[in-house]
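Quick notes on the structure that follows.
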Amino acid sequence: MSDMFLKLSGQIIYRWNSCGKICKFSQRTLPKIGYSDYLKRLLLYTDCSIHCYAIVLIYLDRFTNKNENLWLDSASLYTLTLVLLVISIKFWDDRKCSNKYFAKMGGISLRLLNEMELEVLELMNYDLFV
């Protein structure tokens, strides 16, 4: 599953990297683990249904299509994937895990997760139905 997710998300990111626009969600540095390992970590610790990962791909595509003034780089993909997964879990699986847990698991600050979750929802116009 993580290999397919990596391939599909990479295709979406490549499409937007070539635009040469400012990356609003870019992180300063890449995490110390590869994206495939990051996905495996999320899969292991989120305990969400497998369809949430497919929904993340839909959200990622929808997010980039609705926000053509943004593009994503490799560093931002990690955080955006986490944020979209959190949104997917909350909306589709109705899990009661806190953002503090998700932030720790994803290796980002709680403040960043909260800010990005709100901003992503607003940029997607709260359009979460698939």
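Ordering of the structure tokens sets the chain letters (A, B, ...); residue numbers start at 1 within each chain; ligands are numbered from 1 in the order shown.
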
Distance query A:Leu82 at most 9 Å, only C-alpha atoms, self and fewer than 6 positions along chain excluded, as a PyMOL selection string: chain A and resi 39+42+102-103+106+113

Could you dump the residues just selected with all heavy atoms as a PDB file, in the first residue's frame?
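Below is the file that was written, again-v9.pdb:
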ATOM      1  N   LEU A  39       5.245   6.881   5.667  1.00  0.00           N
ATOM      2  CA  LEU A  39       3.904   6.328   5.443  1.00  0.00           C
ATOM      3  C   LEU A  39       3.683   5.060   6.259  1.00  0.00           C
ATOM      4  O   LEU A  39       2.610   4.854   6.830  1.00  0.00           O
ATOM      5  CB  LEU A  39       3.683   6.028   3.960  1.00  0.00           C
ATOM      6  CG  LEU A  39       3.546   7.231   3.042  1.00  0.00           C
ATOM      7  CD1 LEU A  39       3.475   6.769   1.593  1.00  0.00           C
ATOM      8  CD2 LEU A  39       2.322   8.049   3.398  1.00  0.00           C
ATOM      9  N   LEU A  42       2.988   6.081   9.783  1.00  0.00           N
ATOM     10  CA  LEU A  42       1.616   6.567   9.936  1.00  0.00           C
ATOM     11  C   LEU A  42       0.629   5.406   9.933  1.00  0.00           C
ATOM     12  O   LEU A  42      -0.304   5.376  10.743  1.00  0.00           O
ATOM     13  CB  LEU A  42       1.264   7.557   8.821  1.00  0.00           C
ATOM     14  CG  LEU A  42       2.032   8.876   8.787  1.00  0.00           C
ATOM     15  CD1 LEU A  42       1.579   9.727   7.610  1.00  0.00           C
ATOM     16  CD2 LEU A  42       1.898   9.636  10.090  1.00  0.00           C
ATOM     17  N   PHE A 102      -1.355  12.947  17.204  1.00  0.00           N
ATOM     18  CA  PHE A 102      -1.006  12.942  15.785  1.00  0.00           C
ATOM     19  C   PHE A 102       0.264  13.749  15.516  1.00  0.00           C
ATOM     20  O   PHE A 102       1.098  13.348  14.709  1.00  0.00           O
ATOM     21  CB  PHE A 102      -2.161  13.499  14.944  1.00  0.00           C
ATOM     22  CG  PHE A 102      -3.344  12.581  14.828  1.00  0.00           C
ATOM     23  CD1 PHE A 102      -4.599  13.011  15.213  1.00  0.00           C
ATOM     24  CD2 PHE A 102      -3.214  11.297  14.326  1.00  0.00           C
ATOM     25  CE1 PHE A 102      -5.707  12.180  15.092  1.00  0.00           C
ATOM     26  CE2 PHE A 102      -4.305  10.449  14.199  1.00  0.00           C
ATOM     27  CZ  PHE A 102      -5.561  10.893  14.596  1.00  0.00           C
ATOM     28  N   ALA A 103       0.417  14.877  16.186  1.00  0.00           N
ATOM     29  CA  ALA A 103       1.602  15.713  15.991  1.00  0.00           C
ATOM     30  C   ALA A 103       2.860  14.967  16.437  1.00  0.00           C
ATOM     31  O   ALA A 103       3.874  14.967  15.731  1.00  0.00           O
ATOM     32  CB  ALA A 103       1.459  17.027  16.752  1.00  0.00           C
ATOM     33  N   GLY A 106       3.628  12.217  13.992  1.00  0.00           N
ATOM     34  CA  GLY A 106       4.081  12.727  12.703  1.00  0.00           C
ATOM     35  C   GLY A 106       5.356  13.540  12.756  1.00  0.00           C
ATOM     36  O   GLY A 106       5.883  13.937  11.720  1.00  0.00           O
ATOM     37  N   LEU A 113       0.529  21.570  13.377  1.00  0.00           N
ATOM     38  CA  LEU A 113      -0.558  20.695  12.947  1.00  0.00           C
ATOM     39  C   LEU A 113      -1.894  21.425  13.016  1.00  0.00           C
ATOM     40  O   LEU A 113      -2.680  21.381  12.072  1.00  0.00           O
ATOM     41  CB  LEU A 113      -0.604  19.415  13.788  1.00  0.00           C
ATOM     42  CG  LEU A 113      -1.741  18.446  13.461  1.00  0.00           C
ATOM     43  CD1 LEU A 113      -1.666  17.967  12.020  1.00  0.00           C
ATOM     44  CD2 LEU A 113      -1.722  17.269  14.413  1.00  0.00           C
TER      45      LEU A 113
END

With a distance cut-off of 9 Å and only C-alpha atoms, select the neighbouring residues of A:Leu43, excluding the residue or stretch itself and same-chain residues fewer than 5 positions from it, and output the selection as a ChimeraX atom specification. /A:2,38,48,50,53

Okay, now the selection with N, CA and C atoms, as a PDB file, in the first residue's frame?
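File part_38.pdb, as written:
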ATOM      1  N   SER A   2       1.915   1.278   0.820  1.00  0.00           N
ATOM      2  CA  SER A   2       2.741   2.488   0.899  1.00  0.00           C
ATOM      3  C   SER A   2       3.475   2.752  -0.413  1.00  0.00           C
ATOM      4  N   TYR A  38       7.961   6.909   6.330  1.00  0.00           N
ATOM      5  CA  TYR A  38       7.039   7.807   7.029  1.00  0.00           C
ATOM      6  C   TYR A  38       5.607   7.292   6.882  1.00  0.00           C
ATOM      7  N   CYS A  48      -6.012   3.504  11.566  1.00  0.00           N
ATOM      8  CA  CYS A  48      -7.211   3.952  10.856  1.00  0.00           C
ATOM      9  C   CYS A  48      -7.564   2.927   9.782  1.00  0.00           C
ATOM     10  N   ILE A  50      -8.143   1.458   6.117  1.00  0.00           N
ATOM     11  CA  ILE A  50      -7.292   1.573   4.930  1.00  0.00           C
ATOM     12  C   ILE A  50      -7.870   2.559   3.914  1.00  0.00           C
ATOM     13  N   TYR A  53      -6.422   6.170   3.613  1.00  0.00           N
ATOM     14  CA  TYR A  53      -5.234   6.456   2.796  1.00  0.00           C
ATOM     15  C   TYR A  53      -5.622   6.764   1.352  1.00  0.00           C
TER      16      TYR A  53
END

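For A:Ile89, the residues within 10 Å (counting only C-alpha atoms, excluding itself and residues fewer than 4 positions away along the chain) are Thr46, Asp47, Cys48, Ser49, His51, Cys52, Tyr53, Ile55, Val56, Val83, Leu84, Leu85, Asp93, Asp94, Arg95, Lys96 and Cys97 of chain A.
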
Those selected residues, please, written with C-alpha atoms and delivered as a compact mmCIF listing (two decimals), in the first residue's frame.
# COMPACT_ATOMS: atom_id res chain seq x y z
CA THR A 46 -2.81 5.72 13.32
CA ASP A 47 -4.81 2.50 13.40
CA CYS A 48 -7.21 3.95 10.86
CA SER A 49 -9.16 2.18 8.17
CA HIS A 51 -9.76 3.66 2.93
CA CYS A 52 -8.50 6.76 4.76
CA TYR A 53 -5.23 6.46 2.80
CA ILE A 55 -9.05 9.41 0.61
CA VAL A 56 -5.80 11.21 1.42
CA VAL A 83 -2.61 16.81 7.98
CA LEU A 84 -4.78 15.26 5.28
CA LEU A 85 -4.66 11.91 7.05
CA ASP A 93 -13.30 7.09 10.89
CA ASP A 94 -14.47 9.45 13.63
CA ARG A 95 -11.48 8.60 15.83
CA LYS A 96 -11.08 10.29 19.18
CA CYS A 97 -7.28 10.68 19.08

Interatomic distance, atom CA of A:Asn114 to atom CA of A:Tyr59 (Å, one decimal):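 That distance, rounded to one decimal, is 17.6 Å.
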
Contacts of A:Glu122 at 12 Å (only C-alpha atoms; same-chain gap of 5+ positions) as a ChimeraX atom specification: /A:63,66-67,115-117,127-128

Output N, CA and C atoms for every residue in that selection, as a compact mmCIF listing (two decimals), in the first residue's frame.
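Result file is part-v3.txt:
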# COMPACT_ATOMS: atom_id res chain seq x y z
N PHE A 63 -6.81 19.23 -3.24
CA PHE A 63 -6.15 20.39 -2.64
C PHE A 63 -5.27 21.11 -3.65
N LYS A 66 -7.44 22.82 -6.42
CA LYS A 66 -8.19 24.00 -5.98
C LYS A 66 -7.28 25.18 -5.66
N ASN A 67 -6.00 24.93 -5.49
CA ASN A 67 -5.07 25.96 -5.06
C ASN A 67 -3.90 26.04 -6.04
N GLU A 115 -2.51 24.68 12.99
CA GLU A 115 -2.56 25.75 12.00
C GLU A 115 -2.77 25.20 10.59
N MET A 116 -2.03 24.15 10.26
CA MET A 116 -2.15 23.59 8.92
C MET A 116 -3.49 22.91 8.71
N GLU A 117 -4.01 22.26 9.74
CA GLU A 117 -5.31 21.61 9.60
C GLU A 117 -6.38 22.64 9.25
N ASP A 127 -14.58 20.91 1.73
CA ASP A 127 -15.18 19.94 0.82
C ASP A 127 -14.53 18.57 1.08
N LEU A 128 -15.11 17.80 2.00
CA LEU A 128 -14.51 16.54 2.44
C LEU A 128 -15.23 15.31 1.92

At what distance in Å, to one decimal, does atom CA of A:Leu44 lie from atom CA of A:Pro31?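 Computing the Euclidean distance for atom CA of A:Pro31 and atom CA of A:Leu44 yields 17.6 Å.
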
Tell me, as a tab-separated table (two decimals) with all heavy atoms, in the first residue's frame, which residues lie within 12 Å of A:Ile33, counting only C-alpha atoms; anything in the same chain fewer than 3 positions away does not count.
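out-v5.tsv, written as the output of this step:
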chain	number	residue	atom	x	y	z
A	29	THR	N	13.43	21.55	6.47
A	29	THR	CA	14.28	20.40	6.16
A	29	THR	C	13.42	19.16	5.99
A	29	THR	O	12.32	19.06	6.53
A	29	THR	CB	15.30	20.12	7.30
A	29	THR	OG1	14.57	19.89	8.51
A	29	THR	CG2	16.25	21.28	7.48
A	30	LEU	N	13.95	18.23	5.25
A	30	LEU	CA	13.28	16.94	5.10
A	30	LEU	C	13.43	16.13	6.40
A	30	LEU	O	14.47	16.21	7.05
A	30	LEU	CB	13.92	16.14	3.97
A	30	LEU	CG	13.50	16.51	2.56
A	30	LEU	CD1	14.43	15.84	1.56
A	30	LEU	CD2	12.07	16.10	2.29
A	36	SER	N	8.47	6.78	2.18
A	36	SER	CA	7.88	5.45	2.27
A	36	SER	C	7.87	4.96	3.72
A	36	SER	O	6.87	4.42	4.21
A	36	SER	CB	8.65	4.47	1.39
A	36	SER	OG	8.06	3.20	1.44
A	37	ASP	N	8.98	5.17	4.43
A	37	ASP	CA	9.04	4.79	5.85
A	37	ASP	C	8.10	5.65	6.70
A	37	ASP	O	7.52	5.17	7.67
A	37	ASP	CB	10.47	4.90	6.38
A	37	ASP	CG	11.38	3.82	5.81
A	37	ASP	OD1	10.87	2.75	5.43
A	37	ASP	OD2	12.60	4.06	5.72
A	38	TYR	N	7.96	6.91	6.33
A	38	TYR	CA	7.04	7.81	7.03
A	38	TYR	C	5.61	7.29	6.88
A	38	TYR	O	4.85	7.25	7.85
A	38	TYR	CB	7.18	9.22	6.47
A	38	TYR	CG	6.42	10.29	7.21
A	38	TYR	CD1	6.84	10.74	8.45
A	38	TYR	CD2	5.27	10.85	6.65
A	38	TYR	CE1	6.14	11.73	9.13
A	38	TYR	CE2	4.58	11.85	7.32
A	38	TYR	CZ	5.02	12.28	8.56
A	38	TYR	OH	4.34	13.27	9.22
A	39	LEU	N	5.24	6.88	5.67
A	39	LEU	CA	3.90	6.33	5.44
A	39	LEU	C	3.68	5.06	6.26
A	39	LEU	O	2.61	4.85	6.83
A	39	LEU	CB	3.68	6.03	3.96
A	39	LEU	CG	3.55	7.23	3.04
A	39	LEU	CD1	3.48	6.77	1.59
A	39	LEU	CD2	2.32	8.05	3.40
A	40	LYS	N	4.70	4.21	6.32
A	40	LYS	CA	4.59	2.98	7.11
A	40	LYS	C	4.39	3.31	8.59
A	40	LYS	O	3.62	2.66	9.29
A	40	LYS	CB	5.83	2.12	6.91
A	40	LYS	CG	5.88	1.49	5.54
A	40	LYS	CD	7.18	0.74	5.32
A	40	LYS	CE	7.29	0.26	3.88
A	40	LYS	NZ	8.61	-0.29	3.57
A	41	ARG	N	5.09	4.36	9.05
A	41	ARG	CA	4.94	4.80	10.44
A	41	ARG	C	3.51	5.28	10.70
A	41	ARG	O	2.90	4.92	11.70
A	41	ARG	CB	5.94	5.91	10.74
A	41	ARG	CG	5.83	6.51	12.11
A	41	ARG	CD	6.85	7.64	12.29
A	41	ARG	NE	6.62	8.38	13.49
A	41	ARG	CZ	7.04	8.04	14.69
A	41	ARG	NH1	7.75	6.93	14.83
A	41	ARG	NH2	6.78	8.78	15.75
A	75	ALA	N	9.62	18.25	0.96
A	75	ALA	CA	9.54	18.46	2.41
A	75	ALA	C	8.10	18.69	2.86
A	75	ALA	O	7.68	18.19	3.90
A	75	ALA	CB	10.43	19.63	2.81
A	78	TYR	N	5.43	15.53	3.43
A	78	TYR	CA	5.33	14.81	4.70
A	78	TYR	C	4.23	15.43	5.57
A	78	TYR	O	3.31	14.74	6.02
A	78	TYR	CB	6.65	14.87	5.47
A	78	TYR	CG	7.76	14.02	4.91
A	78	TYR	CD1	8.51	14.45	3.82
A	78	TYR	CD2	8.09	12.82	5.50
A	78	TYR	CE1	9.55	13.69	3.33
A	78	TYR	CE2	9.13	12.04	5.02
A	78	TYR	CZ	9.86	12.47	3.93
A	78	TYR	OH	10.88	11.71	3.44
A	106	GLY	N	3.63	12.22	13.99
A	106	GLY	CA	4.08	12.73	12.70
A	106	GLY	C	5.36	13.54	12.76
A	106	GLY	O	5.88	13.94	11.72
A	107	GLY	N	5.85	13.81	13.96
A	107	GLY	CA	7.12	14.52	14.10
A	107	GLY	C	7.04	16.02	13.85
A	107	GLY	O	8.01	16.64	13.43
